[in-house]
$ cat entry-v3.cif   # mmCIF, C-alpha atoms
data_target
loop_
_atom_site.label_atom_id
_atom_site.label_comp_id
_atom_site.auth_asym_id
_atom_site.auth_seq_id
_atom_site.Cartn_x
_atom_site.Cartn_y
_atom_site.Cartn_z
CA MET A 200 15.79 -1.16 25.31
CA VAL A 201 12.95 -1.08 22.72
CA LEU A 202 12.30 -1.64 19.02
CA TRP A 203 9.58 0.82 18.04
CA LEU A 204 7.33 0.07 15.06
CA ILE A 205 5.77 3.42 14.23
CA GLY A 206 3.07 4.12 11.66
CA LEU A 207 3.49 7.35 9.70
CA GLY A 208 0.05 7.62 8.15
CA LEU A 209 -0.51 8.21 4.46
CA TYR A 210 0.56 11.65 3.31
CA ASP A 211 3.47 13.61 4.78
CA GLU A 212 5.62 14.20 7.84
CA ASN A 213 2.72 15.76 9.78
CA ASP A 214 0.64 12.57 9.81
CA ILE A 215 2.70 10.92 12.54
CA THR A 216 0.87 10.78 15.89
CA LEU A 217 2.06 12.71 18.95
CA ARG A 218 2.88 9.38 20.61
CA GLY A 219 4.89 8.32 17.58
CA LEU A 220 6.76 11.62 17.38
CA GLU A 221 7.70 11.44 21.04
CA ALA A 222 9.03 7.91 20.57
CA VAL A 223 11.04 8.89 17.47
CA LYS A 224 12.71 11.76 19.29
CA ASN A 225 13.88 9.35 22.00
CA CYS A 226 15.39 6.84 19.55
CA SER A 227 19.09 6.57 18.79
CA ARG A 228 18.55 5.18 15.27
CA ILE A 229 15.61 5.71 12.94
CA TYR A 230 14.89 3.55 9.89
CA LEU A 231 12.28 4.29 7.21
CA GLU A 232 10.85 1.21 5.50
CA ALA A 233 10.64 2.33 1.90
CA TYR A 234 9.34 -0.43 -0.33
CA THR A 235 5.87 -1.63 0.76
CA SER A 236 4.58 1.93 0.37
CA ILE A 237 5.79 5.52 0.06
CA LEU A 238 5.06 8.81 1.76
CA LEU A 239 4.10 11.70 -0.48
CA CYS A 240 6.98 13.83 0.82
CA ASP A 241 10.76 13.71 0.81
CA LYS A 242 12.79 12.05 3.56
CA SER A 243 14.44 15.39 4.33
CA ARG A 244 11.13 16.70 5.65
CA LEU A 245 10.99 13.85 8.15
CA GLU A 246 14.55 14.61 9.27
CA ALA A 247 13.73 18.28 9.72
CA LEU A 248 10.78 17.43 11.97
CA TYR A 249 12.61 14.79 13.99
CA GLY A 250 15.89 16.67 14.25
CA LYS A 251 17.70 13.41 13.45
CA PRO A 252 18.93 11.50 10.39
CA VAL A 253 16.65 8.85 8.91
CA ILE A 254 18.12 5.70 7.35
CA VAL A 255 16.22 4.31 4.36
CA ALA A 256 15.56 0.59 4.79
CA ASP A 257 14.98 -0.99 1.39
CA ARG A 258 13.57 -4.45 0.66
CA GLU A 259 16.98 -6.13 0.93
CA MET A 260 17.66 -4.67 4.37
CA VAL A 261 14.22 -5.37 5.85
CA GLU A 262 13.83 -8.89 4.47
CA SER A 263 17.42 -10.16 4.31
CA ALA A 264 19.48 -8.01 6.66
CA ALA A 265 17.04 -7.18 9.45
CA GLU A 266 19.82 -7.80 11.97
CA GLN A 267 21.21 -4.38 11.00
CA ILE A 268 18.00 -2.81 12.30
CA LEU A 269 17.87 -4.95 15.43
CA GLU A 270 21.55 -4.50 16.27
CA GLY A 271 21.87 -2.69 19.57
CA ALA A 272 18.11 -2.49 20.14
CA ASP A 273 18.64 -4.36 23.42
CA LYS A 274 20.71 -1.39 24.64
CA GLU A 275 19.06 1.63 22.97
CA ASP A 276 15.73 2.59 21.42
CA VAL A 277 15.52 1.96 17.66
CA ALA A 278 12.59 2.95 15.43
CA LEU A 279 11.33 1.40 12.22
CA LEU A 280 8.99 3.88 10.53
CA VAL A 281 6.28 2.39 8.34
CA VAL A 282 4.05 4.26 5.91
CA GLY A 283 0.45 3.66 6.94
CA ASP A 284 0.13 1.27 9.88
CA PRO A 285 2.98 -0.99 11.07
CA PHE A 286 0.98 -4.16 10.40
CA GLY A 287 -0.18 -3.29 6.92
CA ALA A 288 2.41 -5.74 5.54
CA THR A 289 3.52 -9.16 6.80
CA THR A 290 7.16 -8.02 6.65
CA HIS A 291 6.69 -5.98 9.79
CA THR A 292 5.22 -8.92 11.70
CA ASP A 293 8.34 -10.88 10.78
CA ILE A 294 10.73 -8.28 12.17
CA GLN A 295 8.68 -8.11 15.38
CA LEU A 296 8.99 -11.87 15.77
CA ARG A 297 12.76 -11.71 15.25
CA ALA A 298 13.08 -9.00 17.88
CA ARG A 299 11.03 -10.90 20.45
CA GLN A 300 13.03 -14.08 19.81
CA GLN A 301 16.15 -12.08 20.74
CA GLY A 302 14.52 -10.78 23.90
CA ILE A 303 14.10 -7.24 22.52
CA PRO A 304 10.89 -5.53 23.72
CA VAL A 305 8.67 -4.24 20.91
CA ARG A 306 6.34 -1.24 21.13
CA VAL A 307 3.88 -0.32 18.39
CA VAL A 308 2.33 3.04 17.50
CA HIS A 309 -0.55 2.62 15.07
CA ASN A 310 -1.73 5.05 12.41
CA ALA A 311 -4.13 5.38 9.49
CA SER A 312 -3.60 3.04 6.54
CA VAL A 313 -5.21 2.48 3.17
CA MET A 314 -7.19 -0.35 4.77
CA ASN A 315 -9.33 2.08 6.74
CA ALA A 316 -8.85 5.38 4.89
CA VAL A 317 -10.67 4.01 1.80
CA GLY A 318 -13.84 4.66 3.76
CA ALA A 319 -13.43 8.21 2.43
CA CYS A 320 -15.28 7.13 -0.70
CA GLY A 321 -18.42 6.38 1.31
CA LEU A 322 -18.32 2.58 1.22
CA GLN A 323 -18.65 1.21 4.74
CA LEU A 324 -15.57 -0.58 6.06
CA TYR A 325 -17.43 -3.48 7.65
CA ARG A 326 -18.89 -4.32 4.22
CA PHE A 327 -15.44 -5.05 2.73
CA GLY A 328 -14.29 -8.60 2.11
CA GLU A 329 -10.75 -9.90 1.60
CA ALA A 330 -8.43 -7.39 -0.08
CA ILE A 331 -6.40 -8.39 -3.12
CA SER A 332 -3.02 -7.35 -4.52
CA LEU A 333 -2.54 -6.71 -8.23
CA CYS A 334 0.97 -7.25 -9.61
CA PHE A 335 2.33 -5.80 -12.84
CA PHE A 336 1.86 -8.30 -15.66
CA THR A 337 4.90 -9.29 -17.70
CA ASP A 338 5.20 -11.16 -21.00
CA THR A 339 5.71 -14.43 -19.13
CA TRP A 340 3.88 -13.87 -15.83
CA ARG A 341 0.23 -12.84 -15.65
CA PRO A 342 -1.02 -14.05 -12.25
CA ASP A 343 -4.77 -14.34 -11.69
CA SER A 344 -5.00 -16.07 -8.31
CA PHE A 345 -6.69 -12.95 -6.91
CA TYR A 346 -9.75 -13.65 -9.06
CA GLU A 347 -11.22 -16.29 -6.73
CA LYS A 348 -11.24 -13.74 -3.90
CA VAL A 349 -13.20 -11.23 -5.97
CA VAL A 350 -15.70 -13.96 -6.88
CA ALA A 351 -16.03 -14.99 -3.22
CA ASN A 352 -16.54 -11.39 -2.10
CA LYS A 353 -19.18 -10.85 -4.78
CA LYS A 354 -21.14 -13.92 -3.66
CA LEU A 355 -21.26 -12.44 -0.16
CA GLY A 356 -22.13 -8.97 -1.42
CA LEU A 357 -18.84 -7.57 -0.11
CA HIS A 358 -16.58 -4.86 -1.53
CA THR A 359 -13.09 -5.72 -2.78
CA LEU A 360 -10.16 -3.38 -2.15
CA CYS A 361 -7.47 -3.78 -4.80
CA LEU A 362 -3.97 -2.83 -3.63
CA LEU A 363 -1.82 -1.90 -6.61
CA ASP A 364 1.77 -2.94 -7.26
CA ILE A 365 4.77 -0.86 -6.24
CA LYS A 366 8.19 -1.57 -7.73
CA VAL A 367 10.98 0.20 -5.83
CA LYS A 368 14.67 -0.65 -6.19
CA GLU A 369 13.96 -3.68 -8.38
CA PRO A 370 17.09 -5.18 -10.01
CA ASN A 371 17.35 -5.33 -13.80
CA LEU A 372 17.36 -9.08 -14.46
CA GLU A 373 19.36 -8.80 -17.69
CA MET A 374 22.14 -6.88 -15.95
CA LEU A 375 21.97 -9.21 -12.95
CA ALA A 376 22.62 -12.16 -15.28
CA ARG A 377 25.77 -10.36 -16.42
CA GLY A 378 26.95 -10.03 -12.83
CA ARG A 379 26.02 -6.36 -12.40
CA THR A 380 23.40 -4.99 -10.03
CA VAL A 381 21.50 -2.19 -11.73
CA TYR A 382 18.16 -1.04 -10.37
CA GLU A 383 15.11 -0.20 -12.44
CA PRO A 384 13.39 3.19 -12.00
CA PRO A 385 10.51 3.10 -9.50
CA ARG A 386 7.13 2.06 -10.92
CA TYR A 387 3.71 2.50 -9.37
CA MET A 388 0.67 0.78 -10.85
CA SER A 389 -2.06 3.16 -11.96
CA ILE A 390 -5.79 2.58 -11.67
CA ASN A 391 -5.92 2.49 -15.46
CA THR A 392 -3.40 -0.36 -15.68
CA ALA A 393 -5.17 -2.20 -12.86
CA ILE A 394 -8.49 -2.08 -14.74
CA GLU A 395 -6.86 -3.26 -17.97
CA GLN A 396 -5.42 -6.27 -16.15
CA LEU A 397 -8.65 -7.00 -14.28
CA LEU A 398 -10.64 -7.03 -17.53
CA GLU A 399 -8.06 -9.28 -19.17
CA VAL A 400 -8.42 -11.80 -16.35
CA GLU A 401 -12.23 -11.62 -16.46
CA ALA A 402 -12.13 -12.33 -20.20
CA LYS A 403 -9.94 -15.35 -19.47
CA ARG A 404 -11.82 -16.71 -16.45
CA GLY A 405 -15.36 -15.74 -17.41
CA GLU A 406 -17.07 -16.20 -14.04
CA ASP A 407 -18.76 -12.78 -14.15
CA ALA A 408 -16.95 -11.35 -11.14
CA TYR A 409 -17.16 -7.96 -12.85
CA SER A 410 -17.29 -6.47 -16.35
CA GLU A 411 -16.34 -3.29 -18.16
CA ASP A 412 -19.75 -1.95 -17.17
CA SER A 413 -19.27 -2.69 -13.46
CA ILE A 414 -19.09 0.32 -11.18
CA ALA A 415 -15.68 0.74 -9.55
CA VAL A 416 -14.09 3.43 -7.41
CA GLY A 417 -10.63 4.80 -8.13
CA ILE A 418 -8.76 6.62 -5.37
CA SER A 419 -5.42 8.39 -5.70
CA ARG A 420 -3.18 10.05 -3.10
CA LEU A 421 -5.33 9.30 -0.06
CA GLN A 422 -5.05 12.02 2.59
CA ALA A 423 -3.20 14.41 0.27
CA ASP A 424 -4.52 17.89 -0.41
CA ASP A 425 -5.19 16.83 -4.01
CA GLN A 426 -6.73 13.48 -3.13
CA GLN A 427 -8.90 12.22 -5.98
CA ILE A 428 -11.93 9.89 -5.79
CA VAL A 429 -13.83 8.96 -8.95
CA ALA A 430 -16.60 6.37 -9.29
CA GLY A 431 -17.96 5.03 -12.55
CA PRO A 432 -18.02 2.08 -14.95
CA MET A 433 -14.63 0.41 -15.37
CA LYS A 434 -14.59 1.17 -19.10
CA GLU A 435 -14.92 4.89 -18.33
CA LEU A 436 -12.44 4.95 -15.45
CA LEU A 437 -9.90 3.60 -17.94
CA HIS A 438 -9.70 7.07 -19.46
CA VAL A 439 -9.52 9.13 -16.25
CA ASP A 440 -6.23 10.82 -15.40
CA PHE A 441 -5.75 9.98 -11.72
CA GLY A 442 -2.41 11.78 -11.53
CA ALA A 443 0.57 10.91 -9.39
CA PRO A 444 0.75 7.80 -7.17
CA LEU A 445 -0.27 6.12 -5.00
CA HIS A 446 -3.47 4.61 -6.44
CA CYS A 447 -5.96 1.99 -5.27
CA LEU A 448 -9.20 0.62 -6.69
CA ILE A 449 -12.41 -0.72 -5.17
CA ILE A 450 -14.83 -3.16 -6.80
CA PRO A 451 -18.09 -2.65 -4.87
CA GLY A 452 -20.33 -5.52 -3.85
CA ASP A 453 -23.92 -4.90 -2.84
CA ILE A 454 -24.29 -1.17 -2.24
CA HIS A 455 -26.39 0.08 0.68
CA VAL A 456 -28.61 3.10 0.03
CA VAL A 457 -26.45 5.33 2.25
CA GLU A 458 -23.31 4.14 0.46
CA GLN A 459 -24.95 4.95 -2.88
CA GLU A 460 -25.71 8.49 -1.75
CA MET A 461 -22.03 8.96 -0.96
CA LEU A 462 -20.84 7.34 -4.20
CA ASP A 463 -23.13 9.64 -6.16
CA LEU A 464 -20.96 12.54 -4.98
CA TYR A 465 -17.99 10.99 -6.81
CA MET A 466 -19.79 9.49 -9.80
CA MET A 467 -18.56 10.50 -13.24
CA LYS A 468 -20.95 12.87 -15.00
CA ARG A 469 -22.40 11.48 -18.19
#
$ encode --input "entry-v3.cif" --output "structure tokens"
Amino acid sequence: MVLWLIGLGLYDENDITLRGLEAVKNCSRIYLEAYTSILLCDKSRLEALYGKPVIVADREMVESAAEQILEGADKEDVALLVVGDPFGATTHTDIQLRARQQGIPVRVVHNASVMNAVGACGLQLYRFGEAISLCFFTDTWRPDSFYEKVVANKKLGLHTLCLLDIKVKEPNLEMLARGRTVYEPPRYMSINTAIEQLLEVEAKRGEDAYSEDSIAVGISRLQADDQQIVAGPMKELLHVDFGAPLHCLIIPGDIHVVEQEMLDLYMMKR
């Protein structure tokens, strides 16, 4: 039959499209991909709307045991629900390729994602350059490969969207070394941590991609009723309480006059 890749949008169970909801109700099995992003509501609310159970698909299932999802999809409709848009992460392209290689038809229902919803802050989407991902630093791993992309965007006058790390169902390495699988509590990078890491990398690289005085835009819980957008110098955003996840950050490039008028609505008062 069909493997459905269905975008859920950004906030809660009501953000699914009518087309997506109709497809879900016709599926025999429904999986929720739950590690590249999260909805801001509980799985039970999805099940209440769909009238069917929803199986959580963690990183291990999606990346290493995708056959469980594809099993039987040649005989019945199966849905993989994705927070945001189905193609917001390369993982979902991979599962589509696997399905097509097995002769399973794939249908896609798109939805809003962080990649377009960040326009809520007033910066124009076509003036964004390549997005970057910021990972949690550790004592032994402090990656800075993203820095070149920020520099390149700045040279072109383009904005940089920073996607912040999500750690869900991550194994404790110490326990894993002892032969036990114990998962760490979920962690979601905050805008404050992102700025700290960005400034550390700028101090190390020194190519003037940004500074503590650079204007940035912090956004938390896009689409939620308590969505928060704050613009201001990085050194001041460091002390803003952006609340619960999910967070993202924008480093603006050249700002058009209309964009500036919008940003002024969210600028910190001095």
$ closest_residue --input "entry-v3.cif" --among "A:His309, A:Arg258, A:Arg299, A:Lys434" --to "Leu280 (chain A)" --atoms "only C-alpha atoms"
A:His309
$ atom_distance --input "entry-v3.cif" --atom1 "CA of Ala423 (chain A)" --atom2 "CA of Leu464 (chain A)"
18.6 Å
$ axis_aligned_box --input "entry-v3.cif" --around "region 312-320 of chain A" --padding-each-side "4 Å" --output "lines of an AutoDock Vina configuration file"
center_x = -9.4
center_y = 3.9
center_z = 3.0
size_x = 19.7
size_y = 16.6
size_z = 15.4
$ resolve_selection --input "entry-v3.cif" --expression "the PyMOL selection byres ((chain A and resi 333) around 7)" --output "PyMOL selection string"
chain A and resi 331-332+334-335+361-364+393
$ residues_around --input "entry-v3.cif" --residues "region 202-213 of chain A" --least-positions-apart "5" --cutoff "9 Å" --atoms "all atoms listed in the file" --output "CSV table (one decimal) with C-alpha atoms, keeping the file's coordinate frame"
chain,number,residue,atom,x,y,z
A,219,GLY,CA,4.9,8.3,17.6
A,220,LEU,CA,6.8,11.6,17.4
A,222,ALA,CA,9.0,7.9,20.6
A,223,VAL,CA,11.0,8.9,17.5
A,226,CYS,CA,15.4,6.8,19.6
A,237,ILE,CA,5.8,5.5,0.1
A,238,LEU,CA,5.1,8.8,1.8
A,239,LEU,CA,4.1,11.7,-0.5
A,240,CYS,CA,7.0,13.8,0.8
A,241,ASP,CA,10.8,13.7,0.8
A,242,LYS,CA,12.8,12.0,3.6
A,244,ARG,CA,11.1,16.7,5.6
A,245,LEU,CA,11.0,13.8,8.2
A,248,LEU,CA,10.8,17.4,12.0
A,268,ILE,CA,18.0,-2.8,12.3
A,269,LEU,CA,17.9,-5.0,15.4
A,272,ALA,CA,18.1,-2.5,20.1
A,273,ASP,CA,18.6,-4.4,23.4
A,275,GLU,CA,19.1,1.6,23.0
A,276,ASP,CA,15.7,2.6,21.4
A,277,VAL,CA,15.5,2.0,17.7
A,278,ALA,CA,12.6,3.0,15.4
A,279,LEU,CA,11.3,1.4,12.2
A,280,LEU,CA,9.0,3.9,10.5
A,281,VAL,CA,6.3,2.4,8.3
A,282,VAL,CA,4.0,4.3,5.9
A,283,GLY,CA,0.4,3.7,6.9
A,284,ASP,CA,0.1,1.3,9.9
A,285,PRO,CA,3.0,-1.0,11.1
A,286,PHE,CA,1.0,-4.2,10.4
A,291,HIS,CA,6.7,-6.0,9.8
A,295,GLN,CA,8.7,-8.1,15.4
A,298,ALA,CA,13.1,-9.0,17.9
A,303,ILE,CA,14.1,-7.2,22.5
A,304,PRO,CA,10.9,-5.5,23.7
A,305,VAL,CA,8.7,-4.2,20.9
A,306,ARG,CA,6.3,-1.2,21.1
A,307,VAL,CA,3.9,-0.3,18.4
A,308,VAL,CA,2.3,3.0,17.5
A,309,HIS,CA,-0.6,2.6,15.1
A,310,ASN,CA,-1.7,5.0,12.4
A,311,ALA,CA,-4.1,5.4,9.5
A,312,SER,CA,-3.6,3.0,6.5
A,313,VAL,CA,-5.2,2.5,3.2
A,316,ALA,CA,-8.8,5.4,4.9
A,420,ARG,CA,-3.2,10.0,-3.1
A,421,LEU,CA,-5.3,9.3,-0.1
A,422,GLN,CA,-5.0,12.0,2.6
A,423,ALA,CA,-3.2,14.4,0.3
A,424,ASP,CA,-4.5,17.9,-0.4
$ build_atoms --input "entry-v3.cif" --residues "region 290-303 of chain A" --atoms "N, CA, C and O atoms" --output "short mmCIF file (atom, residue, chain, number, x, y, z; two decimals), keeping the file's coordinate frame"
data_model
loop_
_atom_site.label_atom_id
_atom_site.label_comp_id
_atom_site.auth_asym_id
_atom_site.auth_seq_id
_atom_site.Cartn_x
_atom_site.Cartn_y
_atom_site.Cartn_z
N THR A 290 5.74 -8.25 6.38
CA THR A 290 7.16 -8.02 6.65
C THR A 290 7.37 -7.50 8.06
O THR A 290 8.32 -7.88 8.75
N HIS A 291 6.49 -6.63 8.50
CA HIS A 291 6.69 -5.98 9.79
C HIS A 291 6.33 -6.91 10.95
O HIS A 291 6.85 -6.76 12.05
N THR A 292 5.47 -7.87 10.70
CA THR A 292 5.22 -8.92 11.70
C THR A 292 6.46 -9.77 11.86
O THR A 292 6.84 -10.15 12.98
N ASP A 293 7.12 -10.05 10.75
CA ASP A 293 8.34 -10.88 10.78
C ASP A 293 9.44 -10.23 11.61
O ASP A 293 10.08 -10.90 12.44
N ILE A 294 9.65 -8.92 11.43
CA ILE A 294 10.73 -8.28 12.17
C ILE A 294 10.38 -8.19 13.65
O ILE A 294 11.27 -8.28 14.52
N GLN A 295 9.09 -8.08 13.97
CA GLN A 295 8.68 -8.11 15.38
C GLN A 295 8.99 -9.47 16.00
O GLN A 295 9.50 -9.55 17.12
N LEU A 296 8.71 -10.53 15.26
CA LEU A 296 8.99 -11.87 15.77
C LEU A 296 10.49 -12.06 16.01
O LEU A 296 10.90 -12.63 17.04
N ARG A 297 11.31 -11.58 15.09
CA ARG A 297 12.76 -11.71 15.25
C ARG A 297 13.23 -10.97 16.50
O ARG A 297 14.08 -11.47 17.25
N ALA A 298 12.69 -9.78 16.71
CA ALA A 298 13.08 -9.00 17.88
C ALA A 298 12.69 -9.72 19.17
O ALA A 298 13.51 -9.84 20.11
N ARG A 299 11.49 -10.22 19.23
CA ARG A 299 11.03 -10.90 20.45
C ARG A 299 11.83 -12.17 20.71
O ARG A 299 12.10 -12.53 21.87
N GLN A 300 12.21 -12.88 19.64
CA GLN A 300 13.03 -14.08 19.81
C GLN A 300 14.40 -13.76 20.40
O GLN A 300 15.03 -14.60 21.03
N GLN A 301 14.86 -12.52 20.18
CA GLN A 301 16.15 -12.08 20.74
C GLN A 301 15.99 -11.38 22.08
O GLN A 301 16.95 -10.85 22.63
N GLY A 302 14.76 -11.40 22.61
CA GLY A 302 14.52 -10.78 23.90
C GLY A 302 14.42 -9.26 23.87
O GLY A 302 14.54 -8.61 24.91
N ILE A 303 14.21 -8.70 22.67
CA ILE A 303 14.10 -7.24 22.52
C ILE A 303 12.64 -6.84 22.65
O ILE A 303 11.80 -7.31 21.88
#
